[in-house]
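Engineer: Here you go, this is work01.json (JSON, C-alpha atoms).
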```
[["chain", "number", "residue", "atom", "x", "y", "z"],
["G", 1, "MET", "CA", -22.81, 17.81, -24.64],
["G", 2, "ASP", "CA", -19.79, 19.67, -23.24],
["G", 3, "LYS", "CA", -20.14, 21.54, -19.95],
["G", 4, "ARG", "CA", -19.23, 25.15, -19.30],
["G", 5, "ILE", "CA", -18.79, 27.18, -16.11],
["G", 6, "LEU", "CA", -20.49, 30.52, -15.55],
["G", 7, "GLY", "CA", -19.27, 32.92, -12.91],
["G", 8, "GLY", "CA", -16.73, 30.55, -11.40],
["G", 9, "ASP", "CA", -19.02, 27.80, -10.10],
["G", 10, "LEU", "CA", -22.27, 27.38, -12.05],
["G", 11, "GLU", "CA", -21.97, 24.36, -14.36],
["G", 12, "VAL", "CA", -24.27, 24.35, -17.37],
["G", 13, "SER", "CA", -24.41, 22.55, -20.70],
["G", 14, "GLY", "CA", -22.38, 24.17, -23.48],
["G", 15, "LEU", "CA", -25.62, 25.29, -25.10],
["G", 16, "GLY", "CA", -28.85, 26.15, -23.41],
["G", 17, "LEU", "CA", -32.41, 26.18, -24.67],
["G", 18, "GLY", "CA", -34.26, 29.47, -24.91],
["G", 19, "CYS", "CA", -37.83, 28.53, -24.01],
["G", 20, "MET", "CA", -39.63, 31.83, -24.69],
["G", 21, "GLY", "CA", -40.90, 30.79, -28.11],
["G", 22, "PHE", "CA", -43.10, 28.05, -26.71],
["G", 23, "SER", "CA", -45.35, 30.70, -25.18],
["G", 24, "HIS", "CA", -44.47, 34.06, -26.62],
["G", 25, "ALA", "CA", -43.31, 36.09, -29.61],
["G", 26, "TYR", "CA", -42.74, 33.43, -32.29],
["G", 27, "GLY", "CA", -46.22, 32.38, -33.32],
["G", 28, "GLU", "CA", -49.22, 31.18, -31.38],
["G", 29, "PRO", "CA", -48.26, 29.39, -28.13],
["G", 30, "VAL", "CA", -47.91, 25.63, -28.37],
["G", 31, "ASP", "CA", -50.21, 23.45, -26.30],
["G", 32, "GLU", "CA", -48.85, 22.30, -22.97],
["G", 33, "ALA", "CA", -48.31, 18.66, -23.92],
["G", 34, "THR", "CA", -46.33, 19.62, -27.03],
["G", 35, "GLY", "CA", -44.18, 22.07, -25.10],
["G", 36, "ILE", "CA", -43.44, 19.62, -22.31],
["G", 37, "ASP", "CA", -42.53, 16.90, -24.80],
["G", 38, "ALA", "CA", -40.15, 19.21, -26.68],
["G", 39, "ILE", "CA", -38.39, 20.51, -23.56],
["G", 40, "ARG", "CA", -37.95, 16.96, -22.25],
["G", 41, "TYR", "CA", -36.53, 15.95, -25.62],
["G", 42, "ALA", "CA", -33.93, 18.71, -25.27],
["G", 43, "TYR", "CA", -33.04, 17.38, -21.84],
["G", 44, "ASP", "CA", -32.76, 13.83, -23.16],
["G", 45, "ILE", "CA", -30.25, 14.82, -25.85],
["G", 46, "GLY", "CA", -28.01, 16.71, -23.42],
["G", 47, "TYR", "CA", -29.33, 20.18, -22.74],
["G", 48, "ARG", "CA", -29.01, 21.04, -19.07],
["G", 49, "PHE", "CA", -29.60, 24.81, -19.18],
["G", 50, "PHE", "CA", -33.08, 26.20, -19.75],
["G", 51, "ASP", "CA", -34.04, 29.86, -19.99],
["G", 52, "THR", "CA", -37.42, 31.40, -19.21],
["G", 53, "ALA", "CA", -38.84, 34.58, -17.64],
["G", 54, "GLU", "CA", -41.73, 35.79, -15.55],
["G", 55, "CYS", "CA", -43.01, 37.99, -18.39],
["G", 56, "TYR", "CA", -43.03, 35.28, -21.08],
["G", 57, "GLY", "CA", -46.70, 34.66, -21.52],
["G", 58, "PRO", "CA", -46.74, 36.21, -18.96],
["G", 59, "TYR", "CA", -46.27, 33.43, -16.40],
["G", 60, "GLU", "CA", -47.24, 30.53, -18.70],
["G", 61, "ASN", "CA", -43.70, 29.87, -19.85],
["G", 62, "GLU", "CA", -42.35, 29.42, -16.33],
["G", 63, "GLU", "CA", -45.20, 26.99, -15.59],
["G", 64, "LEU", "CA", -44.42, 25.04, -18.75],
["G", 65, "VAL", "CA", -40.70, 24.81, -18.00],
["G", 66, "GLY", "CA", -41.40, 23.83, -14.41],
["G", 67, "LYS", "CA", -43.71, 20.99, -15.42],
["G", 68, "ALA", "CA", -41.35, 19.77, -18.15],
["G", 69, "LEU", "CA", -38.30, 19.62, -15.90],
["G", 70, "ASN", "CA", -39.99, 18.41, -12.74],
["G", 71, "GLY", "CA", -37.73, 15.92, -10.97],
["G", 72, "ARG", "CA", -34.73, 16.52, -13.22],
["G", 73, "LYS", "CA", -32.36, 17.72, -10.52],
["G", 74, "ASP", "CA", -29.39, 18.38, -12.80],
["G", 75, "ALA", "CA", -31.36, 20.77, -15.02],
["G", 76, "VAL", "CA", -30.27, 24.37, -14.46],
["G", 77, "ILE", "CA", -33.16, 26.79, -14.82],
["G", 78, "ALA", "CA", -32.68, 30.50, -15.37],
["G", 79, "THR", "CA", -35.56, 32.92, -15.08],
["G", 80, "LYS", "CA", -35.95, 36.69, -14.92],
["G", 81, "PHE", "CA", -37.62, 39.45, -12.95],
["G", 82, "GLY", "CA", -37.96, 43.17, -13.41],
["G", 83, "VAL", "CA", -40.08, 43.59, -16.54],
["G", 84, "THR", "CA", -43.84, 43.90, -16.67],
["G", 85, "LEU", "CA", -45.81, 43.81, -19.90],
["G", 86, "LYS", "CA", -48.47, 46.46, -20.37],
["G", 87, "GLY", "CA", -50.00, 45.32, -23.63],
["G", 88, "VAL", "CA", -46.87, 44.51, -25.63],
["G", 89, "THR", "CA", -44.76, 47.27, -24.07],
["G", 90, "PRO", "CA", -42.10, 46.07, -21.60],
["G", 91, "THR", "CA", -41.81, 48.29, -18.54],
["G", 92, "PRO", "CA", -38.85, 47.89, -16.16],
["G", 93, "ASP", "CA", -39.70, 47.63, -12.47],
["G", 94, "SER", "CA", -37.04, 46.46, -10.04],
["G", 95, "ARG", "CA", -38.27, 47.93, -6.81],
["G", 96, "PRO", "CA", -37.25, 45.60, -3.95],
["G", 97, "GLU", "CA", -40.86, 44.84, -2.99],
["G", 98, "VAL", "CA", -41.64, 43.93, -6.62],
["G", 99, "ILE", "CA", -38.58, 41.65, -6.82],
["G", 100, "ARG", "CA", -39.64, 39.82, -3.67],
["G", 101, "LYS", "CA", -43.12, 39.28, -5.01],
["G", 102, "SER", "CA", -41.68, 38.08, -8.32],
["G", 103, "VAL", "CA", -39.31, 35.55, -6.81],
["G", 104, "GLU", "CA", -42.09, 33.92, -4.80],
["G", 105, "GLY", "CA", -44.23, 33.60, -7.91],
["G", 106, "SER", "CA", -41.39, 32.17, -9.98],
["G", 107, "LEU", "CA", -40.48, 29.61, -7.31],
["G", 108, "LYS", "CA", -44.07, 28.42, -7.23],
["G", 109, "ARG", "CA", -44.52, 28.28, -11.01],
["G", 110, "LEU", "CA", -41.20, 26.50, -11.57],
["G", 111, "GLY", "CA", -41.84, 24.08, -8.70],
["G", 112, "VAL", "CA", -38.36, 24.53, -7.23],
["G", 113, "GLU", "CA", -36.97, 25.39, -3.81],
["G", 114, "ALA", "CA", -34.34, 27.74, -5.25],
["G", 115, "ILE", "CA", -33.83, 29.42, -8.60],
["G", 116, "ASP", "CA", -30.51, 28.41, -10.13],
["G", 117, "LEU", "CA", -29.90, 31.69, -11.99],
["G", 118, "TYR", "CA", -32.09, 34.74, -11.45],
["G", 119, "TYR", "CA", -31.63, 37.59, -13.92],
["G", 120, "GLN", "CA", -32.68, 41.19, -13.76],
["G", 121, "HIS", "CA", -34.42, 41.23, -17.14],
["G", 122, "ARG", "CA", -33.60, 44.88, -17.85],
["G", 123, "PRO", "CA", -32.13, 47.62, -15.66],
["G", 124, "ASP", "CA", -34.66, 49.93, -14.08],
["G", 125, "PRO", "CA", -33.52, 53.57, -14.40],
["G", 126, "LYS", "CA", -35.36, 54.38, -11.17],
["G", 127, "VAL", "CA", -33.50, 51.77, -9.08],
["G", 128, "GLU", "CA", -29.75, 51.79, -8.45],
["G", 129, "PRO", "CA", -27.79, 48.62, -9.27],
["G", 130, "GLU", "CA", -26.53, 48.47, -5.68],
["G", 131, "THR", "CA", -30.12, 48.25, -4.46],
["G", 132, "VAL", "CA", -30.90, 45.36, -6.80],
["G", 133, "ALA", "CA", -27.68, 43.56, -5.90],
["G", 134, "GLN", "CA", -28.44, 43.88, -2.19],
["G", 135, "VAL", "CA", -31.84, 42.24, -2.69],
["G", 136, "MET", "CA", -30.15, 39.43, -4.63],
["G", 137, "LYS", "CA", -27.64, 38.98, -1.80],
["G", 138, "GLU", "CA", -30.51, 38.70, 0.69],
["G", 139, "LEU", "CA", -32.44, 36.23, -1.50],
["G", 140, "ALA", "CA", -29.32, 34.07, -1.78],
["G", 141, "ALA", "CA", -28.85, 34.14, 2.00],
["G", 142, "GLU", "CA", -32.48, 33.07, 2.35],
["G", 143, "GLY", "CA", -31.88, 30.14, -0.02],
["G", 144, "LYS", "CA", -34.33, 31.37, -2.66],
["G", 145, "ILE", "CA", -31.76, 31.91, -5.41],
["G", 146, "LEU", "CA", -28.37, 30.31, -6.02],
["G", 147, "HIS", "CA", -26.89, 32.77, -8.54],
["G", 148, "TRP", "CA", -27.93, 35.98, -10.19],
["G", 149, "GLY", "CA", -27.31, 37.86, -13.41],
["G", 150, "ILE", "CA", -28.23, 40.92, -15.44],
["G", 151, "SER", "CA", -29.48, 41.27, -19.00],
["G", 152, "GLU", "CA", -28.64, 44.12, -21.37],
["G", 153, "ALA", "CA", -26.90, 46.39, -18.87],
["G", 154, "SER", "CA", -24.00, 48.80, -19.28],
["G", 155, "GLN", "CA", -20.54, 47.87, -18.05],
["G", 156, "GLU", "CA", -20.78, 50.48, -15.31],
["G", 157, "TYR", "CA", -24.07, 49.02, -14.08],
["G", 158, "ILE", "CA", -22.63, 45.49, -14.02],
["G", 159, "GLU", "CA", -19.51, 46.58, -12.16],
["G", 160, "ARG", "CA", -21.48, 48.48, -9.54],
["G", 161, "ALA", "CA", -23.79, 45.53, -8.98],
["G", 162, "ASP", "CA", -20.94, 43.02, -8.89],
["G", 163, "ALA", "CA", -19.19, 45.06, -6.20],
["G", 164, "ILE", "CA", -22.12, 44.34, -3.87],
["G", 165, "PHE", "CA", -22.85, 40.70, -4.78],
["G", 166, "HIS", "CA", -21.06, 38.66, -7.41],
["G", 167, "VAL", "CA", -22.81, 38.60, -10.77],
["G", 168, "THR", "CA", -22.63, 35.07, -12.17],
["G", 169, "ALA", "CA", -23.59, 35.92, -15.75],
["G", 170, "ILE", "CA", -24.84, 38.58, -18.06],
["G", 171, "GLN", "CA", -27.39, 37.70, -20.70],
["G", 172, "ASN", "CA", -27.02, 39.87, -23.79],
["G", 173, "ARG", "CA", -27.88, 39.81, -27.45],
["G", 174, "TYR", "CA", -24.93, 38.41, -29.43],
["G", 175, "SER", "CA", -24.62, 37.05, -32.95],
["G", 176, "MET", "CA", -22.62, 37.46, -36.13],
["G", 177, "MET", "CA", -24.91, 40.42, -36.84],
["G", 178, "TRP", "CA", -24.43, 42.13, -33.46],
["G", 179, "ARG", "CA", -20.98, 41.97, -31.88],
["G", 180, "ASP", "CA", -20.84, 45.18, -29.85],
["G", 181, "TYR", "CA", -20.76, 43.37, -26.52],
["G", 182, "GLU", "CA", -17.38, 41.88, -27.35],
["G", 183, "SER", "CA", -16.09, 45.09, -25.79],
["G", 184, "TYR", "CA", -17.27, 43.66, -22.45],
["G", 185, "PHE", "CA", -14.92, 40.67, -22.63],
["G", 186, "PRO", "CA", -12.04, 42.19, -20.59],
["G", 187, "MET", "CA", -14.42, 43.27, -17.83],
["G", 188, "LEU", "CA", -16.12, 39.87, -17.75],
["G", 189, "GLU", "CA", -12.79, 38.07, -17.50],
["G", 190, "LYS", "CA", -11.53, 40.36, -14.76],
["G", 191, "ARG", "CA", -14.65, 39.77, -12.69],
["G", 192, "LYS", "CA", -15.19, 36.10, -13.64],
["G", 193, "ILE", "CA", -18.65, 36.74, -15.09],
["G", 194, "GLY", "CA", -20.15, 34.45, -17.73],
["G", 195, "PHE", "CA", -21.82, 35.57, -20.96],
["G", 196, "VAL", "CA", -25.11, 33.91, -21.90],
["G", 197, "ALA", "CA", -25.88, 34.85, -25.51],
["G", 198, "PHE", "CA", -29.52, 35.25, -26.49],
["G", 199, "SER", "CA", -30.67, 35.53, -30.11],
["G", 200, "PRO", "CA", -27.38, 33.89, -31.21],
["G", 201, "LEU", "CA", -28.91, 33.16, -34.62],
["G", 202, "ALA", "CA", -30.27, 36.70, -35.03],
["G", 203, "ASN", "CA", -33.83, 35.56, -34.33],
["G", 204, "GLY", "CA", -33.43, 32.61, -36.67],
["G", 205, "LEU", "CA", -32.05, 34.44, -39.69],
["G", 206, "LEU", "CA", -28.60, 32.84, -39.47],
["G", 207, "SER", "CA", -30.10, 29.37, -39.54],
["G", 208, "ARG", "CA", -30.83, 30.01, -43.25],
["G", 209, "ALA", "CA", -34.29, 28.54, -42.68],
["G", 210, "TYR", "CA", -35.87, 31.70, -44.13],
["G", 211, "ASP", "CA", -35.51, 33.65, -47.34],
["G", 212, "ALA", "CA", -36.86, 36.78, -49.01],
["G", 213, "SER", "CA", -40.24, 35.15, -49.56],
["G", 214, "SER", "CA", -40.79, 34.22, -45.90],
["G", 215, "THR", "CA", -43.76, 35.86, -44.20],
["G", 216, "PHE", "CA", -44.87, 36.05, -40.57],
["G", 217, "ASP", "CA", -48.17, 36.77, -38.82],
["G", 218, "PRO", "CA", -47.80, 40.26, -37.28],
["G", 219, "LYS", "CA", -50.31, 39.37, -34.57],
["G", 220, "SER", "CA", -48.25, 36.57, -33.06],
["G", 221, "ASN", "CA", -44.75, 36.58, -34.56],
["G", 222, "TYR", "CA", -42.34, 39.39, -33.76],
["G", 223, "ARG", "CA", -40.28, 38.58, -36.84],
["G", 224, "ALA", "CA", -42.91, 40.40, -38.88],
["G", 225, "SER", "CA", -41.51, 43.71, -37.63],
["G", 226, "MET", "CA", -37.81, 42.83, -37.31],
["G", 227, "PRO", "CA", -35.51, 44.78, -39.64],
["G", 228, "GLN", "CA", -33.49, 41.74, -40.70],
["G", 229, "TYR", "CA", -36.70, 40.31, -42.20],
["G", 230, "ALA", "CA", -37.87, 43.56, -43.80],
["G", 231, "PRO", "CA", -38.17, 43.92, -47.61],
["G", 232, "GLY", "CA", -34.71, 44.38, -49.06],
["G", 233, "ALA", "CA", -32.86, 43.05, -46.01],
["G", 234, "TYR", "CA", -32.23, 39.67, -47.59],
["G", 235, "GLU", "CA", -30.34, 41.35, -50.41],
["G", 236, "GLU", "CA", -28.39, 43.48, -47.90],
["G", 237, "ASN", "CA", -27.29, 40.29, -46.15],
["G", 238, "ARG", "CA", -26.33, 38.33, -49.25],
["G", 239, "LYS", "CA", -22.59, 38.44, -48.41],
["G", 240, "LEU", "CA", -23.29, 37.22, -44.90],
["G", 241, "PHE", "CA", -25.37, 34.34, -46.21],
["G", 242, "SER", "CA", -22.64, 33.42, -48.67],
["G", 243, "LEU", "CA", -20.09, 33.37, -45.85],
["G", 244, "LEU", "CA", -22.33, 31.13, -43.75],
["G", 245, "ASP", "CA", -23.01, 28.76, -46.62],
["G", 246, "ASP", "CA", -19.31, 28.49, -47.47],
["G", 247, "LEU", "CA", -18.37, 27.86, -43.84],
["G", 248, "ALA", "CA", -21.07, 25.26, -43.44],
["G", 249, "SER", "CA", -19.92, 23.47, -46.59],
["G", 250, "SER", "CA", -16.25, 23.50, -45.58],
["G", 251, "HIS", "CA", -17.04, 22.04, -42.15],
["G", 252, "ASN", "CA", -19.68, 19.63, -43.43],
["G", 253, "THR", "CA", -22.35, 21.10, -41.20],
["G", 254, "THR", "CA", -25.08, 23.75, -41.26],
["G", 255, "PRO", "CA", -25.03, 27.57, -41.03],
["G", 256, "ALA", "CA", -26.69, 27.43, -37.59],
["G", 257, "VAL", "CA", -24.01, 25.11, -36.21],
["G", 258, "VAL", "CA", -21.21, 27.30, -37.58],
["G", 259, "SER", "CA", -22.81, 30.43, -36.14],
["G", 260, "LEU", "CA", -23.05, 28.91, -32.68],
["G", 261, "ALA", "CA", -19.65, 27.21, -32.76],
["G", 262, "TRP", "CA", -18.03, 30.51, -33.77],
["G", 263, "MET", "CA", -19.09, 32.28, -30.58],
["G", 264, "MET", "CA", -18.38, 29.24, -28.41],
["G", 265, "ALA", "CA", -14.84, 29.17, -29.77],
["G", 266, "LYS", "CA", -14.33, 32.81, -28.81],
["G", 267, "LYS", "CA", -14.47, 32.34, -25.06],
["G", 268, "ASP", "CA", -15.06, 29.32, -22.83],
["G", 269, "TYR", "CA", -17.50, 31.35, -20.71],
["G", 270, "ILE", "CA", -19.88, 32.08, -23.60],
["G", 271, "VAL", "CA", -23.03, 29.93, -23.60],
["G", 272, "PRO", "CA", -25.52, 30.52, -26.43],
["G", 273, "ILE", "CA", -29.19, 29.81, -25.76],
["G", 274, "PRO", "CA", -30.87, 29.46, -29.16],
["G", 275, "GLY", "CA", -34.61, 29.18, -28.91],
["G", 276, "THR", "CA", -36.67, 26.74, -30.94],
["G", 277, "ARG", "CA", -39.82, 24.66, -30.65],
["G", 278, "LYS", "CA", -38.62, 22.06, -33.13],
["G", 279, "LYS", "CA", -36.84, 18.89, -32.05],
["G", 280, "GLU", "CA", -34.83, 18.73, -35.25],
["G", 281, "ARG", "CA", -33.49, 22.23, -34.60],
["G", 282, "MET", "CA", -32.59, 21.32, -31.02],
["G", 283, "LEU", "CA", -30.58, 18.38, -32.29],
["G", 284, "GLU", "CA", -28.96, 20.45, -35.03],
["G", 285, "ASN", "CA", -27.98, 23.27, -32.66],
["G", 286, "ALA", "CA", -26.53, 20.79, -30.16],
["G", 287, "ARG", "CA", -23.97, 19.73, -32.75],
["G", 288, "ALA", "CA", -22.27, 23.11, -32.29],
["G", 289, "SER", "CA", -20.81, 21.68, -29.09],
["G", 290, "GLU", "CA", -18.91, 19.16, -31.25],
["G", 291, "LEU", "CA", -17.53, 21.59, -33.84],
["G", 292, "LYS", "CA", -14.24, 22.97, -32.56],
["G", 293, "LEU", "CA", -13.17, 25.96, -34.60],
["G", 294, "SER", "CA", -9.55, 27.06, -34.31],
["G", 295, "SER", "CA", -8.43, 30.55, -33.31],
["G", 296, "GLN", "CA", -7.40, 31.01, -36.94],
["G", 297, "ASP", "CA", -10.91, 30.06, -38.08],
["G", 298, "VAL", "CA", -12.45, 32.56, -35.68],
["G", 299, "ALA", "CA", -10.07, 35.34, -36.70],
["G", 300, "ALA", "CA", -10.86, 34.77, -40.38],
["G", 301, "ILE", "CA", -14.60, 34.84, -39.70],
["G", 302, "ASP", "CA", -14.26, 38.03, -37.64],
["G", 303, "GLU", "CA", -12.30, 39.70, -40.40],
["G", 304, "ALA", "CA", -14.91, 38.74, -42.98],
["G", 305, "LEU", "CA", -17.76, 39.97, -40.77],
["G", 306, "SER", "CA", -16.01, 43.27, -40.11],
["G", 307, "SER", "CA", -15.50, 43.93, -43.80],
["G", 308, "MET", "CA", -19.10, 43.43, -44.97],
["G", 309, "THR", "CA", -22.25, 45.48, -44.75],
["G", 310, "MET", "CA", -25.40, 43.97, -43.28],
["G", 311, "SER", "CA", -28.96, 45.00, -42.62],
["G", 312, "ALA", "CA", -30.05, 46.29, -39.25],
["G", 313, "VAL", "CA", -30.93, 43.57, -36.76],
["G", 314, "PHE", "CA", -33.67, 43.56, -34.15],
["G", 315, "GLY", "CA", -32.56, 44.90, -30.78],
["G", 316, "GLY", "CA", -29.10, 45.73, -32.03],
["G", 317, "HIS", "CA", -29.40, 48.52, -34.55],
["G", 318, "LYS", "CA", -28.66, 51.98, -33.23]]
```
Let's see the structure in the file written out as structure tokens.

Structural biologist:
Amino acid sequence: MDKRILGGDLEVSGLGLGCMGFSHAYGEPVDEATGIDAIRYAYDIGYRFFDTAECYGPYENEELVGKALNGRKDAVIATKFGVTLKGVTPTPDSRPEVIRKSVEGSLKRLGVEAIDLYYQHRPDPKVEPETVAQVMKELAAEGKILHWGISEASQEYIERADAIFHVTAIQNRYSMMWRDYESYFPMLEKRKIGFVAFSPLANGLLSRAYDASSTFDPKSNYRASMPQYAPGAYEENRKLFSLLDDLASSHNTTPAVVSLAWMMAKKDYIVPIPGTRKKERMLENARASELKLSSQDVAAIDEALSSMTMSAVFGGHK
């Protein structure tokens, strides 16, 4: 798999693996042996960038990733702090003393001496970005983290944080159904900040693995309440599905591969991290690293996307 550089000096695989779904949000958690086997399979076929978080589980996902990647020194692990789960409600908390407690727990669960990429999971309105960045600077000086990033923050927040300690990457929602963060591109390029794209397949919808008859258990699968899977949404997205199917056919590949290759062709600092539990999906998604779309291809896709109506999408609709 091709390599990409985030933030000037962090080398990762061109695609990463979002590991949340093994423990959280997309059905009942898998058993440990199954999860370890799947993550190691991803490593064996070329993935070198793995994403987790303290609150996934909570805690279980970090432990799973740590056990799966134990001894694999070239695996880059990203985890996150700053969100606590009270029931199912995420609550931001980035007080310095909470961050310091979180980093110690994550280091232990992951079984590493330093965290490769440590994200603030969501900004905390009660804590200034300069305060968070200063803690990150101190943790880096102490050798506990190597790089840091921010997820789902405003441009102003990112710039203020980056002025204190360089932000290696942002992690934001990005897909053919939610492109608003493209407005960040000039700022990211100016500051040499990478863009790690989560939900690059719109929570699986763009893989075309689901249709209007698909159902999900509301107790364990967040898709049950996502607007792109709501009654009527499939019909609203018919033009989008037709575009994906046509593109996949013309490039002799799958809709998922086209969706991922499209964003990778946009900028060389974009790294999608599709999440899946299935080995066949990991292998399929990895092929996006091989599909090189031209600038003309990307422009044509952008024009088509801009001209069509779509359903709302989870986390992106206003």

Engineer: Counting all atoms listed in the file, which residues of segment 134-184 of chain G sit at most 10 Å from some atom of segment 272-289 of chain G, and what is each one's closest atom pair with its distance in Å to one decimal, listed by chain and rising residue number, as a tab-separated table?

Structural biologist:
```
residue	atom	partner	partner_atom	distance
G:Gln171	CA	G:Pro272	CA	9.4
G:Asn172	CA	G:Pro272	CA	9.8
G:Arg173	CA	G:Pro272	CA	9.6
G:Tyr174	CA	G:Pro272	CA	8.5
G:Ser175	CA	G:Pro272	CA	9.3
```

Engineer: Those residues you just picked out, can you put them in a file as an mmCIF file, keeping the file's coordinate frame with C-alpha atoms?

Structural biologist:
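For reference, again-v2.cif as written:
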```cif
data_model
loop_
_atom_site.group_PDB
_atom_site.id
_atom_site.type_symbol
_atom_site.label_atom_id
_atom_site.label_comp_id
_atom_site.auth_asym_id
_atom_site.auth_seq_id
_atom_site.Cartn_x
_atom_site.Cartn_y
_atom_site.Cartn_z
ATOM 1 C CA GLN G 171 -27.390 37.700 -20.700
ATOM 2 C CA ASN G 172 -27.020 39.870 -23.790
ATOM 3 C CA ARG G 173 -27.880 39.810 -27.450
ATOM 4 C CA TYR G 174 -24.930 38.410 -29.430
ATOM 5 C CA SER G 175 -24.620 37.050 -32.950
#
```

Engineer: So that I can check the surroundings of segment 40-45 of chain G, please list as a list in words every protein, DNA and RNA residue that reaches within 7 Å of it, counting only C-alpha atoms and ignoring chain neighbours fewer than 4 positions away.

Structural biologist: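 Here the answer would be Ile36, Ala68, Leu69 and Met282 of chain G.
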
Engineer: Please tell me which residues are no farther than 10 Å from (-42.1, 35.4, -19.9) in the file, counting all atoms listed in the file, and write them as a JSON list (two decimals) with C-alpha atoms, in the coordinates of the input.

Structural biologist:
```json
[["chain", "number", "residue", "atom", "x", "y", "z"],
["G", 19, "CYS", "CA", -37.83, 28.53, -24.01],
["G", 20, "MET", "CA", -39.63, 31.83, -24.69],
["G", 21, "GLY", "CA", -40.90, 30.79, -28.11],
["G", 23, "SER", "CA", -45.35, 30.70, -25.18],
["G", 24, "HIS", "CA", -44.47, 34.06, -26.62],
["G", 25, "ALA", "CA", -43.31, 36.09, -29.61],
["G", 51, "ASP", "CA", -34.04, 29.86, -19.99],
["G", 52, "THR", "CA", -37.42, 31.40, -19.21],
["G", 53, "ALA", "CA", -38.84, 34.58, -17.64],
["G", 54, "GLU", "CA", -41.73, 35.79, -15.55],
["G", 55, "CYS", "CA", -43.01, 37.99, -18.39],
["G", 56, "TYR", "CA", -43.03, 35.28, -21.08],
["G", 57, "GLY", "CA", -46.70, 34.66, -21.52],
["G", 58, "PRO", "CA", -46.74, 36.21, -18.96],
["G", 59, "TYR", "CA", -46.27, 33.43, -16.40],
["G", 60, "GLU", "CA", -47.24, 30.53, -18.70],
["G", 61, "ASN", "CA", -43.70, 29.87, -19.85],
["G", 62, "GLU", "CA", -42.35, 29.42, -16.33],
["G", 63, "GLU", "CA", -45.20, 26.99, -15.59],
["G", 79, "THR", "CA", -35.56, 32.92, -15.08],
["G", 80, "LYS", "CA", -35.95, 36.69, -14.92],
["G", 81, "PHE", "CA", -37.62, 39.45, -12.95],
["G", 83, "VAL", "CA", -40.08, 43.59, -16.54],
["G", 84, "THR", "CA", -43.84, 43.90, -16.67],
["G", 85, "LEU", "CA", -45.81, 43.81, -19.90]]
```

Engineer: Step by step: start from the point (-32.8, 38.3, -54.2) in the file's coordinates, keep every protein, DNA or RNA residue that has an atom no farther than 8 Å from it, count all atoms listed in the file, and write the set as a PyMOL selection string.

Structural biologist: chain G and resi 212+234-235

Engineer: Rank G:Ser199, G:Lys190, G:Phe314, G:Glu97 by their smallest atom-to-atom distance to Tyr222 of chain G, using all atoms listed in the file, and report the top residue only.

Structural biologist: G:Phe314

Engineer: Measuring between all atoms listed in the file, which one of G:Leu206, G:Val135, G:Val112, G:Met177 shows the shortest distance to Thr309 of chain G?

Structural biologist: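 Counting all atoms listed in the file, the residue closest to Thr309 of chain G is G:Met177.
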
Engineer: I'd like the contact shell of Trp148 of chain G - 7 Å cut-off, all atoms listed in the file, skipping same-chain residues fewer than 5 positions apart - returned as JSON, numbers by chain.

Structural biologist: {"G": [117, 118, 119, 136, 167, 168]}

Engineer: Could you check which of G:Ser106, G:Ser249, G:Thr91, G:Ser311 is closest to Pro231 of chain G, using all atoms listed in the file?

Structural biologist: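 Using all atoms listed in the file, Pro231 of chain G sits closest to G:Ser311.
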
Engineer: Excluding Thr131 of chain G and residues on its chain fewer than 6 positions from it, collect all residues at most 12 Å away from it, counting all atoms listed in the file, and give them as a PyMOL selection string.

Structural biologist: chain G and resi 94-97+99+120+123-125+137-138+157+160-165

Engineer: Could you check the closest approach to Gly8 of chain G for each of G:Gly194, G:Gly82, G:Gly315, G:Gly149 and tell me which residue wins, using all atoms listed in the file?

Structural biologist: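 Closest to Gly8 of chain G of all the choices is G:Gly194.
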
Engineer: With only C-alpha atoms as the atoms that count, which of G:Met310, G:Leu260, G:Leu247, G:Leu139 lies nearest to Phe198 of chain G?

Structural biologist: G:Leu260

Engineer: Considering only C-alpha atoms, state which residue in the set G:Gly316, G:Pro200, G:Pro255, G:Pro92 is at the smallest distance from Leu15 of chain G.

Structural biologist: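 Looking only at the distances to Leu15 of chain G, the closest residue turns out to be G:Pro200.
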
Engineer: What is the atom CA of Val30 of chain G to atom CA of Ser225 of chain G distance in Å?

Structural biologist: 21.3 Å

Engineer: Might you pull out every residue within 8 Å of segment 295-301 of chain G, with all atoms listed in the file counted and same-chain residues fewer than 2 positions away left off, and present them as a list of chain:residue names?

Structural biologist: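 Surrounding residues, per the criterion: G:Trp262, G:Ala265, G:Lys266, G:Leu293, G:Glu303, G:Ala304, G:Leu305.
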
Engineer: Could you save those same residues with C-alpha atoms as an mmCIF file, in the coordinates of the input?

Structural biologist:
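Once written, selection.cif looks like this:
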```cif
data_model
loop_
_atom_site.group_PDB
_atom_site.id
_atom_site.type_symbol
_atom_site.label_atom_id
_atom_site.label_comp_id
_atom_site.auth_asym_id
_atom_site.auth_seq_id
_atom_site.Cartn_x
_atom_site.Cartn_y
_atom_site.Cartn_z
ATOM 1 C CA TRP G 262 -18.030 30.510 -33.770
ATOM 2 C CA ALA G 265 -14.840 29.170 -29.770
ATOM 3 C CA LYS G 266 -14.330 32.810 -28.810
ATOM 4 C CA LEU G 293 -13.170 25.960 -34.600
ATOM 5 C CA GLU G 303 -12.300 39.700 -40.400
ATOM 6 C CA ALA G 304 -14.910 38.740 -42.980
ATOM 7 C CA LEU G 305 -17.760 39.970 -40.770
#
```

Engineer: Compile the contact shell of Met226 of chain G as a list in words: residues with an atom at most 12 Å away, counting only C-alpha atoms, same-chain residues fewer than 6 positions apart removed.

Structural biologist: Ala25, Tyr26, Ala202, Asn203, Gly204, Leu205, Thr215, Phe216, Pro218, Ala233, Ser311, Ala312, Val313, Phe314, Gly315, Gly316 and His317 of chain G
